[in-house]
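Let me begin by presenting the structure, written as structure tokens, before commenting on it.
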Amino acid sequence: MFLYEENRCSMTYMYEYPEYLKIKLPKKTARRYPAYELYLYGEGNYAEENKNLLLTGIPVLFLPGNAGSYKQVRSLGSIALRKAEDIDFKYHFNFFSVNFNEELVALYGGSLQRQTKFVHECIKVILKLYRDQEFAPSSVAIVGHSMGGLVARALLTLKNFKPELINLLITQATPHIAPVMPLDKYLTDFYTAVNNHWILKAQDLRNLTTLSVAGGFRDYQVRSGLAFLPRLSQHDSALSVVSSAVPRAWASTDHLSIVWCKELILATIRAFFDLIDGNTRQITEDPKKRMSVLFHHFVRHPAKMFEENPETFTNLTGAFMWITVKGSKWTYSVYNDSDGKYFAFPLASHRKSYSHVYCENSMLDTSSWIYGCMNTNSSMCLEAADLSWRAELLPTTKVVMLKLLDYPSLSHIVIQVPPAAGNKYTLGCEFFKEDSRTVQLPVTHLFSFGLSSSKILLNSTGLLYNVQLQHFNQIYQAFKIYIDSHCQSLKERKPSVYRLHIPWSYEDSITVAKVPSLAEISAKLHTAQPHNDSSLPELIIYSSPDCQYEVILKTSLLQVLGQIVRFHAGAFPVYIVSNILLTYGGQLSTLRSTGQCSDFSLELVRTAKPYKVELLISIVVFLQGFNWFREIWESLSLPEVDAAVLSSQDAWFPLVSLILFLFGTGIAYWSGVFFSTSLRLFSSLWLTLIRPTELQKDKLITPRRLCGMISLALVSWTTCGAFAVLIIYLQYLFKVVKLHVTVKAEQNMHNRDSGHSKESSQNSSKHTVKAQSSVDSIPEATQSPSNSKTLAEAVNSLKMHITILNLFTWIVLLNLPSLIYWLKNLRYNVRLDPDPCRSTAIILVCILEILMNSSTSEVKSSKLLKIAAKVPLPLSVAMLAFGRMHLYRVPHFVTFSLLLHVLCCFV
């Protein structure tokens, strides 16, 4: 999972001290949202000038994400301010930022609706600030980081929201498709509402231009596949890209660095300034222009400054020398040449033999350099079509590839070489047949485990190769590609550029390597190939002439596992709890059959078998492919199986579940070992400090415990359910540690007594005092069976309590985000509203108050024990079927199992 490139982003710095001016909100808004605030970003003189809020710029609103700060706007605000200074404030932007009190909205969804409504109020307040200005804006551009981007999209679901209030939305590492950790129902319901609205109302959203930028493989918090806007949403006004494919950035970013990555922020600010309409001095109202600007800066940069309507024809003037090049391949190096030149390539002689022409130029300026000429009679070309707009910028060169059939009217290709005072650069062109430069390389099978490889040798001396990777279309495939370059001579050469191009989404990655060298490239996908797409991923090699390239491809087992973790790590808690639940069921089963409770680790090994759980789920997923079964399933009002949903999203394959189950078994095993070791350490510490109590049987319900139960239920109802759950958990933990201490003390005493008994019997036999020996042994004989029976019962109870506590630990962990949210907002509201675990907490409090005082002796004789022992298996199946994408369902299954255990204590 962590095999990714190093951080290639540059840090953004402020030239002056950043200041955040708090915007006064209407009293009603401030009273309704006491935890939220709105700020205006500024620096130095600019901040001073804006203190009276007489704003004349273009408003942009920044929305921070999960636990994000409003101060994260400073990178955007500072760079935009410097660019405005460069053009003498002809245009400038006012960057606003919302303080969401650093709420954990990715883990607790109860405040997402509140945040959305507050942002709506902020937009109204911002637009009022410009009401009396000459060029007053009618809309606000929004930049949303992480969950801030989702909140921005949710604005359109509000009943009284006018869609024309926002015309541009840029999201950074926002999980659009699904939540990373679906820990409560409010979160999943919010996602469903937003995505359904965007799909159903796609026609109404045409005036909103949306750009989603994902962080690539460095972002292990939000995988880039989640950051792609839903495929069914508006095609012509939404764009999704990965930062590694963004021109002039070409770097993967982690979840936080996407906010300050200088290369990416520069691309964003350049796009903002190119989006300005000179007449209105605001962001253009033309959706087509907005999309073309974003495409220019984030998808394909032609190494030219953006022009809305570039001139098709241009005059080739200047006293430059004209040179005709008739060969099919041409390279030219220039250094400190004071004379400019035009190199003309006649196309008539090449059209029959070649299909394409490819040219490259290492001078990375923004001037035009390649033209198409239609003069067939003259050796000079006075008017030509500017083909520089067809070029593409790469890290070390700008390149252009033209299909000759697309330009039947062109007679010549002309390369302009300007005077190079003090500059050194190289140019190259070649004509070729597409087939001769395109080779196909079948990828190795997943189960080759990296032992076999696919190889191809590129012997030609061309400037470009295209290696098509066959059968590379699934997210669980991951490869290492080695490119070994050898050159004939040892002279200094330009670096080679290797580009992994994924045709169905903008997620390319670019590697620059010295020649000769051995370069290593990781090849893996963020999104699987759509079913209606037959294109092949390509490894494009922008090569150095006179060099030989060997491409070796191997399956990388580590990265395959990394892909599984990247796509399914959120489901780990379900698999871990499922394993513990199976072990718990096994312990109840052995208690029923043998009267003894088995050890957690031994029972886990015996009962946690994948085939017990996975087989049934796989059968259901298979049957859901048939209409008749789906109709029966829907008639029973059963939710869709999560594995079927993931399969429809191409994010699932049969072995994934087995691998995750084994991971879950491993984690459950080691968590059990850790738990037992921790308890042993606690009890040892306790024994050294406090004298242990004697073993005694507790009553299940006493008036005192009933009062505790009622008071914790009230705590849950009036404050926060997760808080009550934590209190009862700590009580239970204290009780188990206390029991562990008592058992340990009894065992020590029992061992000491038995040792003393052996010693005394040996002494008595030596002295042949038989009568005395029999007298001494009478109390031992009469005392031992009852003591050992009580001790064995206590050991059995302890083992059962440790498993229940292990299960309950995961419930506490899954409810922890809502507790943290409640604690952070305690000064604003004592009661968490809405509370995702209030009702579950009340039930759990009642269950655990009884369970912590129970013992295995009560359960052994229960008529319900047979049912209680068999129920955990179907519950584990149901948990894996319906809990992978809905983690909040996990506590319900565990609660039901524990409820049956409580009933066993009474029935």
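By order in the structure tokens, chains are A, B, ...; within a chain, residues start at 1; ligands start at 1, following the order shown.
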(message) Excluding stretch 452-469 of chain A and its own-chain neighbours fewer than 3 positions away, which residues fall within 9 Å of it when counting only C-alpha atoms? Please give them as a VMD selection string.
(response) chain A and resid 329 358 to 360 428 to 430 432 436 to 445 448 to 449 472 536 to 555
(request) Assign secondary structure with DSSP using the backbone only, and return the residues of stretch 817-889 of chain A in alpha helix (DSSP H) as an NGL selection string. (result) :A and (817-824 or 838-851 or 856-860 or 865-870 or 872-882)
(request) Just the residues within 10 Å of stretch 300-313 of chain A, please, counting only C-alpha atoms, with nothing from its chain fewer than 4 positions along; format it as a VMD selection string. (result) chain A and resid 245 to 248 270 to 271 274 to 275 288 to 290 292 to 296 364 to 368 371 to 373 383 to 394 397 to 400
Could you name the residues that touch A:Lys824 at 10 Å or less, counting only C-alpha atoms, but leaving out those on the same chain fewer than 3 positions away, as a CSV table (one decimal) with C-alpha atoms, in the first residue's frame?
chain,number,residue,atom,x,y,z
A,35,ALA,CA,-19.7,26.7,16.0
A,101,ASN,CA,-14.7,23.9,13.8
A,102,GLU,CA,-12.5,21.1,12.4
A,103,GLU,CA,-15.4,18.6,12.6
A,104,LEU,CA,-14.9,14.9,11.8
A,818,SER,CA,-19.4,10.5,17.3
A,819,LEU,CA,-18.0,10.7,20.8
A,820,ILE,CA,-15.1,12.8,19.7
A,821,TYR,CA,-17.5,15.0,17.7
A,827,ARG,CA,-19.7,23.9,24.7
A,828,TYR,CA,-22.4,24.5,22.0
A,829,ASN,CA,-24.7,21.7,22.8
(message) Between atom CA of A:Pro26 and atom CA of A:Asn66, what distance in Å does the model show, to one decimal?
(response)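 Separation of atom CA of A:Pro26 and atom CA of A:Asn66: 25.8 Å.
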(message) Residues near stretch 888-894 of chain A, anyone? I mean within 6 Å using only C-alpha atoms, not counting same-chain ones fewer than 4 positions away, as a list in words.
(response)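 These residues fall inside the cut-off: Leu183, Asp184, Ile811 and Gly883 of chain A.
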Include C-alpha atoms and write out the residues we just selected as a PDB file, in the first residue's frame.
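New file again00.pdb:
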ATOM      1  CA  LEU A 183     -19.655   4.649  10.146  1.00  0.00           C
ATOM      2  CA  ASP A 184     -23.197   5.971  10.417  1.00  0.00           C
ATOM      3  CA  ILE A 811     -18.223  -1.539  18.952  1.00  0.00           C
ATOM      4  CA  GLY A 883     -21.867  -4.524   6.568  1.00  0.00           C
TER       5      GLY A 883
END
(request) Could you check which of A:Gln133, A:Asn160, A:Thr188, A:Thr895 is closest to A:Thr280, using only C-alpha atoms? (result)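 For A:Thr280, the nearest of the candidates is A:Gln133.
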(message) Going by DSSP on the backbone, which residues of stretch 153-260 of chain A come out as strand (DSSP E or B)? List them as a PyMOL selection string.
(response) chain A and resi 166-172+209-214+238-242
Once you have the residues from the selection above, write them out as a short mmCIF file (atom, residue, chain, number, x, y, z; two decimals), in the first residue's frame, restricted to N, CA, C and O atoms.
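New file again.cif:
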data_model
loop_
_atom_site.label_atom_id
_atom_site.label_comp_id
_atom_site.auth_asym_id
_atom_site.auth_seq_id
_atom_site.Cartn_x
_atom_site.Cartn_y
_atom_site.Cartn_z
N ILE A 166 -23.66 29.33 -7.86
CA ILE A 166 -22.30 28.83 -8.10
C ILE A 166 -22.19 28.39 -9.56
O ILE A 166 -23.06 27.72 -10.08
N ASN A 167 -21.11 28.82 -10.20
CA ASN A 167 -20.91 28.42 -11.60
C ASN A 167 -19.64 27.59 -11.80
O ASN A 167 -19.43 27.02 -12.86
N LEU A 168 -18.79 27.55 -10.77
CA LEU A 168 -17.56 26.79 -10.87
C LEU A 168 -17.28 26.10 -9.54
O LEU A 168 -17.32 26.73 -8.48
N LEU A 169 -17.01 24.79 -9.60
CA LEU A 169 -16.68 24.03 -8.41
C LEU A 169 -15.43 23.19 -8.68
O LEU A 169 -15.39 22.41 -9.63
N ILE A 170 -14.40 23.41 -7.86
CA ILE A 170 -13.17 22.61 -7.95
C ILE A 170 -13.02 21.84 -6.64
O ILE A 170 -13.00 22.43 -5.56
N THR A 171 -12.95 20.52 -6.73
CA THR A 171 -12.81 19.70 -5.52
C THR A 171 -11.42 19.07 -5.51
O THR A 171 -10.90 18.66 -6.53
N GLN A 172 -10.84 18.99 -4.32
CA GLN A 172 -9.49 18.43 -4.14
C GLN A 172 -9.59 17.19 -3.25
O GLN A 172 -9.98 17.29 -2.09
N THR A 209 -19.86 24.14 -13.81
CA THR A 209 -18.68 23.41 -14.28
C THR A 209 -17.96 22.83 -13.08
O THR A 209 -17.64 23.57 -12.13
N THR A 210 -17.72 21.53 -13.09
CA THR A 210 -17.12 20.85 -11.94
C THR A 210 -15.82 20.17 -12.34
O THR A 210 -15.76 19.47 -13.35
N LEU A 211 -14.79 20.40 -11.54
CA LEU A 211 -13.50 19.73 -11.72
C LEU A 211 -13.15 19.00 -10.43
O LEU A 211 -13.14 19.60 -9.37
N SER A 212 -12.87 17.70 -10.55
CA SER A 212 -12.44 16.92 -9.39
C SER A 212 -10.99 16.51 -9.60
O SER A 212 -10.65 15.87 -10.59
N VAL A 213 -10.12 16.90 -8.66
CA VAL A 213 -8.70 16.54 -8.74
C VAL A 213 -8.41 15.53 -7.61
O VAL A 213 -8.65 15.81 -6.44
N ALA A 214 -7.93 14.35 -8.02
CA ALA A 214 -7.58 13.31 -7.04
C ALA A 214 -6.07 13.33 -6.80
O ALA A 214 -5.31 13.81 -7.63
N ALA A 238 -18.41 18.24 -16.51
CA ALA A 238 -17.71 17.68 -15.35
C ALA A 238 -16.43 17.00 -15.81
O ALA A 238 -16.40 16.35 -16.85
N LEU A 239 -15.38 17.18 -15.03
CA LEU A 239 -14.06 16.66 -15.41
C LEU A 239 -13.40 16.09 -14.15
O LEU A 239 -13.41 16.71 -13.10
N SER A 240 -12.84 14.88 -14.27
CA SER A 240 -12.14 14.24 -13.15
C SER A 240 -10.72 13.91 -13.58
O SER A 240 -10.53 13.24 -14.61
N VAL A 241 -9.73 14.35 -12.82
CA VAL A 241 -8.32 14.08 -13.16
C VAL A 241 -7.56 13.65 -11.91
O VAL A 241 -7.97 13.95 -10.79
N VAL A 242 -6.45 12.95 -12.13
CA VAL A 242 -5.53 12.60 -11.04
C VAL A 242 -4.34 13.55 -11.13
O VAL A 242 -3.88 13.88 -12.23
#
Write out as a tab-separated table the residues of stretch 207-306 of chain A that have any atom within 10 Å of an atom of stretch 83-86 of chain A, one row each with the nearest atom pair and its distance in Å to one decimal, counting only C-alpha atoms, sorted by chain and then rising number.
residue	atom	partner	partner_atom	distance
A:Leu266	CA	A:Lys83	CA	9.6
A:Ile269	CA	A:Lys83	CA	8.2
A:Arg270	CA	A:Lys83	CA	8.6
A:Phe273	CA	A:Lys83	CA	8.7
(message) as an NGL selection string, please: the residues near stretch 155-159 of chain A (cut-off 8 Å, only C-alpha atoms, same-chain neighbours under 2 positions excluded).
(response) :A and (116-117 or 119-120 or 151-153 or 161-163 or 193-194 or 197)
(request) Would you list the contacts of A:Lys699 as a list in words, taking every protein, DNA or RNA residue within 12 Å and counting only C-alpha atoms, but skipping same-chain residues closer than 5 positions in sequence? (result)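 Once the nearby chain positions are removed, what remains is Arg704, Arg705, Leu706, Glu849, Ile850, Leu851, Met852, Asn853, Ser854, Ser855, Glu858, Cys905 and Phe906 of chain A.
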Can you write out the residues you just picked, keeping N, CA and C atoms, as a PDB file, in the first residue's frame?
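As a result, again_32.pdb now contains:
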ATOM      1  N   ARG A 704     -28.977  -1.611  43.086  1.00  0.00           N
ATOM      2  CA  ARG A 704     -27.874  -0.680  42.765  1.00  0.00           C
ATOM      3  C   ARG A 704     -27.539  -0.726  41.268  1.00  0.00           C
ATOM      4  N   ARG A 705     -27.486  -1.980  40.745  1.00  0.00           N
ATOM      5  CA  ARG A 705     -27.170  -2.128  39.311  1.00  0.00           C
ATOM      6  C   ARG A 705     -28.298  -1.614  38.432  1.00  0.00           C
ATOM      7  N   LEU A 706     -29.516  -1.790  38.908  1.00  0.00           N
ATOM      8  CA  LEU A 706     -30.675  -1.290  38.166  1.00  0.00           C
ATOM      9  C   LEU A 706     -30.619   0.233  38.065  1.00  0.00           C
ATOM     10  N   GLU A 849     -24.659  -4.491  31.580  1.00  0.00           N
ATOM     11  CA  GLU A 849     -24.815  -4.383  33.044  1.00  0.00           C
ATOM     12  C   GLU A 849     -25.136  -5.751  33.642  1.00  0.00           C
ATOM     13  N   ILE A 850     -25.877  -6.572  32.898  1.00  0.00           N
ATOM     14  CA  ILE A 850     -26.203  -7.933  33.351  1.00  0.00           C
ATOM     15  C   ILE A 850     -25.042  -8.888  33.055  1.00  0.00           C
ATOM     16  N   LEU A 851     -24.495  -8.784  31.826  1.00  0.00           N
ATOM     17  CA  LEU A 851     -23.456  -9.724  31.403  1.00  0.00           C
ATOM     18  C   LEU A 851     -22.203  -9.667  32.259  1.00  0.00           C
ATOM     19  N   MET A 852     -21.827  -8.484  32.712  1.00  0.00           N
ATOM     20  CA  MET A 852     -20.577  -8.359  33.462  1.00  0.00           C
ATOM     21  C   MET A 852     -20.650  -9.072  34.817  1.00  0.00           C
ATOM     22  N   ASN A 853     -21.880  -9.381  35.268  1.00  0.00           N
ATOM     23  CA  ASN A 853     -22.041 -10.083  36.543  1.00  0.00           C
ATOM     24  C   ASN A 853     -22.402 -11.554  36.346  1.00  0.00           C
ATOM     25  N   SER A 854     -22.495 -11.977  35.095  1.00  0.00           N
ATOM     26  CA  SER A 854     -22.896 -13.355  34.821  1.00  0.00           C
ATOM     27  C   SER A 854     -21.694 -14.292  34.871  1.00  0.00           C
ATOM     28  N   SER A 855     -21.998 -15.580  34.959  1.00  0.00           N
ATOM     29  CA  SER A 855     -20.944 -16.602  34.903  1.00  0.00           C
ATOM     30  C   SER A 855     -21.406 -17.741  34.005  1.00  0.00           C
ATOM     31  N   GLU A 858     -24.500 -20.283  34.979  1.00  0.00           N
ATOM     32  CA  GLU A 858     -25.902 -19.962  34.672  1.00  0.00           C
ATOM     33  C   GLU A 858     -26.234 -20.296  33.232  1.00  0.00           C
ATOM     34  N   CYS A 905     -28.954 -16.418  30.534  1.00  0.00           N
ATOM     35  CA  CYS A 905     -28.716 -16.306  31.981  1.00  0.00           C
ATOM     36  C   CYS A 905     -30.013 -16.459  32.782  1.00  0.00           C
ATOM     37  N   PHE A 906     -31.156 -16.237  32.115  1.00  0.00           N
ATOM     38  CA  PHE A 906     -32.444 -16.276  32.823  1.00  0.00           C
ATOM     39  C   PHE A 906     -33.288 -17.497  32.456  1.00  0.00           C
TER      40      PHE A 906
END
(request) Just give me the gap between atom CA of A:Ile842 and atom CA of A:Ala713 in Å, one decimal is fine. (result) 5.1 Å
(message) Just the number, please: distance in Å from atom CA of A:Ser788 to atom CA of A:Leu685, one decimal.
(response)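 Computing the Euclidean distance for atom CA of A:Ser788 and atom CA of A:Leu685 yields 24.7 Å.
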(message) Ranking A:Ser509, A:Tyr425, A:Asn94, A:Leu451 by minimum distance to A:Ser252 and counting only C-alpha atoms, which one comes first?
(response)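 Of A:Ser509, A:Tyr425, A:Asn94, A:Leu451, the one nearest A:Ser252 is A:Ser509, counting only C-alpha atoms.
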Kindly assemble as a tab-separated table a list of the stretch 458-539 of chain A residues that lie within 10 Å of stretch 217-225 of chain A, each paired with its nearest atom pair and their distance in Å to one decimal, using only C-alpha atoms, sorted first by chain and then by ascending residue number.
residue	atom	partner	partner_atom	distance
A:Ile475	CA	A:Gly225	CA	9.6
A:Glu507	CA	A:Ser224	CA	8.9
A:Lys524	CA	A:Phe217	CA	9.4
A:Leu525	CA	A:Gly225	CA	8.6
A:His526	CA	A:Gly225	CA	4.9
A:Thr527	CA	A:Gly225	CA	5.4
A:Ala528	CA	A:Gly225	CA	8.9
Dump as an mmCIF file, in the first residue's frame, selection limited to all heavy atoms:
data_model
loop_
_atom_site.group_PDB
_atom_site.id
_atom_site.type_symbol
_atom_site.label_atom_id
_atom_site.label_comp_id
_atom_site.auth_asym_id
_atom_site.auth_seq_id
_atom_site.Cartn_x
_atom_site.Cartn_y
_atom_site.Cartn_z
ATOM 1 N N ILE A 475 -8.760 -3.465 -11.393
ATOM 2 C CA ILE A 475 -8.082 -2.733 -10.311
ATOM 3 C C ILE A 475 -7.177 -3.620 -9.461
ATOM 4 O O ILE A 475 -6.293 -3.125 -8.781
ATOM 5 C CB ILE A 475 -9.092 -1.978 -9.411
ATOM 6 C CG1 ILE A 475 -10.175 -2.922 -8.879
ATOM 7 C CG2 ILE A 475 -9.703 -0.811 -10.141
ATOM 8 C CD1 ILE A 475 -9.969 -3.401 -7.502
ATOM 9 N N GLU A 507 -5.701 9.524 -15.605
ATOM 10 C CA GLU A 507 -4.892 9.103 -14.449
ATOM 11 C C GLU A 507 -3.480 8.711 -14.871
ATOM 12 O O GLU A 507 -2.843 7.862 -14.261
ATOM 13 C CB GLU A 507 -5.572 7.944 -13.711
ATOM 14 C CG GLU A 507 -5.912 6.746 -14.573
ATOM 15 C CD GLU A 507 -6.587 5.629 -13.782
ATOM 16 O OE1 GLU A 507 -5.857 4.777 -13.252
ATOM 17 O OE2 GLU A 507 -7.828 5.617 -13.701
ATOM 18 N N LYS A 524 -0.569 0.326 -12.091
ATOM 19 C CA LYS A 524 -1.808 -0.110 -11.433
ATOM 20 C C LYS A 524 -2.880 0.936 -11.697
ATOM 21 O O LYS A 524 -2.563 2.073 -12.068
ATOM 22 C CB LYS A 524 -1.594 -0.343 -9.942
ATOM 23 C CG LYS A 524 -0.829 0.737 -9.230
ATOM 24 C CD LYS A 524 -0.295 0.254 -7.901
ATOM 25 C CE LYS A 524 0.549 1.351 -7.255
ATOM 26 N NZ LYS A 524 1.213 0.943 -6.041
ATOM 27 N N LEU A 525 -4.125 0.573 -11.501
ATOM 28 C CA LEU A 525 -5.245 1.422 -11.914
ATOM 29 C C LEU A 525 -5.972 2.027 -10.714
ATOM 30 O O LEU A 525 -5.984 1.458 -9.624
ATOM 31 C CB LEU A 525 -6.242 0.605 -12.740
ATOM 32 C CG LEU A 525 -5.711 -0.029 -14.030
ATOM 33 C CD1 LEU A 525 -6.774 -0.923 -14.631
ATOM 34 C CD2 LEU A 525 -5.295 1.033 -15.029
ATOM 35 N N HIS A 526 -6.592 3.182 -10.957
ATOM 36 C CA HIS A 526 -7.488 3.786 -9.972
ATOM 37 C C HIS A 526 -8.934 3.397 -10.258
ATOM 38 O O HIS A 526 -9.756 3.331 -9.348
ATOM 39 C CB HIS A 526 -7.381 5.320 -10.005
ATOM 40 C CG HIS A 526 -6.049 5.839 -9.560
ATOM 41 N ND1 HIS A 526 -5.592 5.677 -8.272
ATOM 42 C CD2 HIS A 526 -5.070 6.500 -10.220
ATOM 43 C CE1 HIS A 526 -4.391 6.230 -8.165
ATOM 44 N NE2 HIS A 526 -4.053 6.736 -9.327
ATOM 45 N N THR A 527 -9.245 3.188 -11.542
ATOM 46 C CA THR A 527 -10.602 2.787 -11.940
ATOM 47 C C THR A 527 -10.506 1.678 -12.969
ATOM 48 O O THR A 527 -9.637 1.713 -13.840
ATOM 49 C CB THR A 527 -11.381 3.968 -12.565
ATOM 50 O OG1 THR A 527 -10.582 4.560 -13.600
ATOM 51 C CG2 THR A 527 -11.738 5.016 -11.541
ATOM 52 N N ALA A 528 -11.404 0.708 -12.874
ATOM 53 C CA ALA A 528 -11.414 -0.401 -13.827
ATOM 54 C C ALA A 528 -11.950 0.074 -15.168
ATOM 55 O O ALA A 528 -12.614 1.116 -15.267
ATOM 56 C CB ALA A 528 -12.276 -1.536 -13.286
#
